[in-house]
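Visitor: The following block contains the structure, expressed as structure tokens.
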Amino acid sequence: MTDLVVPENLKDEHMLTEKYRPQTVKDCVLPKNLSKLFSDIVSAGEFNNMLLCGPAGSGKTTIAKAICNELGLDYYIINSSENGNIDTLRTTIRDFASSSSLMGDKIKVVILDEADHLNPQSTQPALRHFMEEFSNNCRFILTCNWKNKLIEPLRSRCFVVEFGIPKAEQSKLAFTMFNRCKAILDLEGIEYDPKALAAVVEKYFPDFRRVLNELQRYGYGGMIDEGILSNIKDVEVSTLMTALKSKNFPAVKSWVVENLDGEVSEIYRSLYDSLYGRLTGESYASAVIIIADYLYKSAFVADSEVNMMACLTEIMCEAQWK
């Protein structure tokens, strides 16, 4: 990874995630296989439609932009969760894809961010035809967290890239991210304790965007020090296990109120891990299904506390403890 360079047009940018977004493939924090793949694409100067899928903050949109920047391609970004409707496809995307590139005879690129939010009944089927209609002039890069939310005919028209980090490379990449954060904080003049910085990276890795957002939030206090460690501790579930086993509903509710300000998905994951070995085999299997159901619902429910309580109440009623 090269020294940090902030583009001239981003020097006044406030958000660290945008100001220090890598501009080239080699500046992105990626495992070896992905780094080589995208470097080869840049070297070739051409690519097929791509579907980049993986966890939030893993660098999917960043790599899409970096490829376009390095190849000098004219690209347009659509936030599919906000503008991923059929009208956007028929107007904005069609107009862009059908026109000539400002970069000469080079292809144009449409980046559909959060493509798993595209309507599978209307927009996704129409998009597959767009890919074929404008194949001589335009490429499509789709990013998503859940590729199974995209219809199979759409996936088959893309080169699918999974953003995952092999266990053997996790420590090295986390250290690379740690050093990158140090460089960013130094440039921004934000004081920090290396131990506190390491704790933030360890907590949210490999969500690089979340790491920078948390550092910026803590940096508002003037110093990122050990005082923040209590704010990023892992979810503590031993009290919850006791309350669930004794079917103490008030205690369970109290635990939810105290812990729901954290990352909801982490709470469900901690619940999933902690119940293993405490419940009978058949009962644990039922609990896994319950947790998966409410974890899915958590993405769109109006009240997370009620959803979490419903999940824990159902487990309380059905669990058979060892």
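Each chain in the structure tokens gets a letter, A, B, ..., in the order shown, and its residues are numbered from 1; ligands are numbered from 1 in order too.
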DSSP on the backbone, then: every residue of segment 101-133 of chain A marked helix (DSSP H, G or I), written as an MDAnalysis selection string.
Guide: chainID A and resid 115:117 123:133
Visitor: If you count only C-alpha atoms, which residues fall within 9 Å of Phe47 of chain A, apart from same-chain ones fewer than 4 positions away, as a PyMOL selection string?
Guide: chain A and resi 41-42+139+159
Visitor: Restrict the selected residues to C-alpha atoms and save them as an mmCIF file, in the first residue's frame.
Guide:
```
data_model
loop_
_atom_site.group_PDB
_atom_site.id
_atom_site.type_symbol
_atom_site.label_atom_id
_atom_site.label_comp_id
_atom_site.auth_asym_id
_atom_site.auth_seq_id
_atom_site.Cartn_x
_atom_site.Cartn_y
_atom_site.Cartn_z
ATOM 1 C CA ILE A 41 -8.265 -6.669 -14.638
ATOM 2 C CA VAL A 42 -6.576 -3.261 -14.609
ATOM 3 C CA ARG A 139 -20.385 -2.599 -18.378
ATOM 4 C CA PHE A 159 -18.476 -12.448 -13.104
#
```
Visitor: I need the residues in segment 21-257 of chain A that are strand (DSSP E) according to DSSP; give them as a PyMOL selection string.
Guide: chain A and resi 50-53+74-79+108-113+138-144+159-162+191-192+223-224
Visitor: Pick out the closest residue to Ala126 of chain A from this set: A:Ser99, A:Asn85, A:Ser58, A:Gln320. Count only C-alpha atoms.
Guide: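 Smallest separation from Ala126 of chain A among the options: A:Asn85.
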Visitor: Give the answer as one residue: which of A:Val160, A:Ile78, A:Ala292, A:Leu73 has the shortest atom-to-atom distance to Val109 of chain A, using only C-alpha atoms?
Guide: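 Using only C-alpha atoms, Val109 of chain A sits closest to A:Leu73.
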Visitor: Given the choices A:Glu305, A:Met241, A:Thr91, A:Val264, which gets closest to Gly277 of chain A if the distance is worked out from only C-alpha atoms?
Guide: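 Using only C-alpha atoms, the shortest distance to Gly277 of chain A belongs to A:Met241.
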Visitor: Which residues come within 12 Å of Asn83 of chain A, counting only C-alpha atoms, excluding same-chain residues fewer than 2 positions away, as a PDB file with C-alpha atoms, in the first residue's frame?
Guide:
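What landed in result_6.pdb:
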```pdb
ATOM      1  CA  ILE A  77     -23.141   5.291  -9.528  1.00  0.00           C
ATOM      2  CA  ILE A  78     -26.699   4.388  -8.591  1.00  0.00           C
ATOM      3  CA  ASN A  79     -27.673   3.741  -4.960  1.00  0.00           C
ATOM      4  CA  SER A  80     -30.084   0.884  -5.551  1.00  0.00           C
ATOM      5  CA  SER A  81     -31.621   1.119  -2.084  1.00  0.00           C
ATOM      6  CA  ASN A  85     -36.615   1.351  -9.392  1.00  0.00           C
ATOM      7  CA  ILE A  86     -37.649   0.523 -12.928  1.00  0.00           C
ATOM      8  CA  ASP A  87     -38.003   4.209 -13.835  1.00  0.00           C
ATOM      9  CA  THR A  88     -34.350   4.869 -12.983  1.00  0.00           C
ATOM     10  CA  LEU A  89     -33.393   1.972 -15.228  1.00  0.00           C
ATOM     11  CA  ARG A  90     -35.504   3.207 -18.120  1.00  0.00           C
ATOM     12  CA  THR A  91     -34.357   6.821 -17.898  1.00  0.00           C
ATOM     13  CA  THR A  92     -31.109   7.588 -16.066  1.00  0.00           C
ATOM     14  CA  ILE A  93     -29.306   4.323 -16.759  1.00  0.00           C
ATOM     15  CA  LEU A 112     -25.247  -0.369  -9.038  1.00  0.00           C
ATOM     16  CA  ASP A 113     -24.505  -0.104  -5.325  1.00  0.00           C
ATOM     17  CA  GLU A 114     -26.539  -2.309  -2.946  1.00  0.00           C
ATOM     18  CA  ALA A 115     -28.010  -4.156  -5.923  1.00  0.00           C
ATOM     19  CA  HIS A 117     -32.316  -3.939  -3.048  1.00  0.00           C
ATOM     20  CA  LEU A 118     -33.376  -3.980  -6.715  1.00  0.00           C
ATOM     21  CA  ASN A 119     -36.931  -5.188  -7.225  1.00  0.00           C
ATOM     22  CA  THR A 123     -35.981  -4.020 -12.152  1.00  0.00           C
TER      23      THR A 123
END
```
Visitor: Which neighbours of Tyr76 of chain A fall inside 8 Å, counting only C-alpha atoms, when residues of the same chain fewer than 6 positions from it are skipped, and could you give them as an NGL selection string?
Guide: :A and (96 or 109-111)
Visitor: With N, CA and C atoms retained, could you export that selection as a CSV table (one decimal), in the first residue's frame?
Guide:
```
chain,number,residue,atom,x,y,z
A,96,PHE,N,-27.5,7.1,-19.9
A,96,PHE,CA,-26.0,7.0,-19.7
A,96,PHE,C,-25.4,5.9,-20.5
A,109,VAL,N,-19.3,2.7,-17.5
A,109,VAL,CA,-19.6,1.7,-16.5
A,109,VAL,C,-20.7,2.3,-15.6
A,110,VAL,N,-21.7,1.4,-15.3
A,110,VAL,CA,-22.7,1.7,-14.4
A,110,VAL,C,-22.5,0.9,-13.1
A,111,ILE,N,-22.3,1.6,-12.0
A,111,ILE,CA,-22.1,0.9,-10.7
A,111,ILE,C,-23.4,0.9,-10.0
```
Visitor: For Asp193 of chain A, find every residue with an atom within 7 Å (counting only C-alpha atoms), except residues of its own chain fewer than 5 positions away, and show them as an mmCIF file with N, CA and C atoms, in the first residue's frame.
Guide:
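Result file is out.cif:
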```
data_model
loop_
_atom_site.group_PDB
_atom_site.id
_atom_site.type_symbol
_atom_site.label_atom_id
_atom_site.label_comp_id
_atom_site.auth_asym_id
_atom_site.auth_seq_id
_atom_site.Cartn_x
_atom_site.Cartn_y
_atom_site.Cartn_z
ATOM 1 N N ILE A 224 -8.275 9.749 21.141
ATOM 2 C CA ILE A 224 -8.743 8.363 21.120
ATOM 3 C C ILE A 224 -7.861 7.598 22.088
ATOM 4 N N ASP A 225 -8.384 7.364 23.277
ATOM 5 C CA ASP A 225 -7.574 6.711 24.308
ATOM 6 C C ASP A 225 -8.322 5.533 24.917
ATOM 7 N N GLU A 226 -7.801 4.994 26.008
ATOM 8 C CA GLU A 226 -8.376 3.802 26.615
ATOM 9 C C GLU A 226 -9.765 4.037 27.181
#
```
Visitor: Name the residues in contact with Val161 of chain A at a cut-off of 7 Å, using only C-alpha atoms, excluding same-chain residues fewer than 2 positions from it; report them as number ranges by chain.
Guide: A: 51-53, 159, 163
Visitor: Residues as selected, C-alpha atoms, written as a compact mmCIF listing (two decimals), in the first residue's frame, can you do that?
Guide:
```txt
# COMPACT_ATOMS: atom_id res chain seq x y z
CA LEU A 51 -21.12 -8.87 -9.18
CA LEU A 52 -19.13 -7.99 -6.05
CA CYS A 53 -20.68 -9.54 -2.96
CA PHE A 159 -18.48 -12.45 -13.10
CA PHE A 163 -15.27 -10.61 -0.77
```
Visitor: In terms of the shortest atom-to-atom distance over only C-alpha atoms, which of A:Ala285, A:Ala97, A:Val29, A:Val301 is closest to Phe178 of chain A?
Guide: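 Selected residue with least distance to Phe178 of chain A: A:Val29.
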Visitor: Which polymer residues have any atom within 7 Å of an atom of Gly222 of chain A, counting only C-alpha atoms, with same-chain residues fewer than 3 positions away left out, as a VMD selection string?
Guide: chain A and resid 190 to 191 219
Visitor: Restricting it to C-alpha atoms, dump the selection as a JSON list (two decimals), in the first residue's frame.
Guide:
```json
[["chain", "number", "residue", "atom", "x", "y", "z"],
["A", 190, "ILE", "CA", -6.06, 13.39, 15.92],
["A", 191, "GLU", "CA", -4.23, 12.10, 18.99],
["A", 219, "GLY", "CA", -11.90, 11.65, 17.58]]
```
Visitor: Quick one: pull the distance between atom CA of Leu10 of chain A and atom CA of Pro22 of chain A, Å, one decimal.
Guide: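 Computed distance, atom CA of Leu10 of chain A to atom CA of Pro22 of chain A, equals 11.8 Å.
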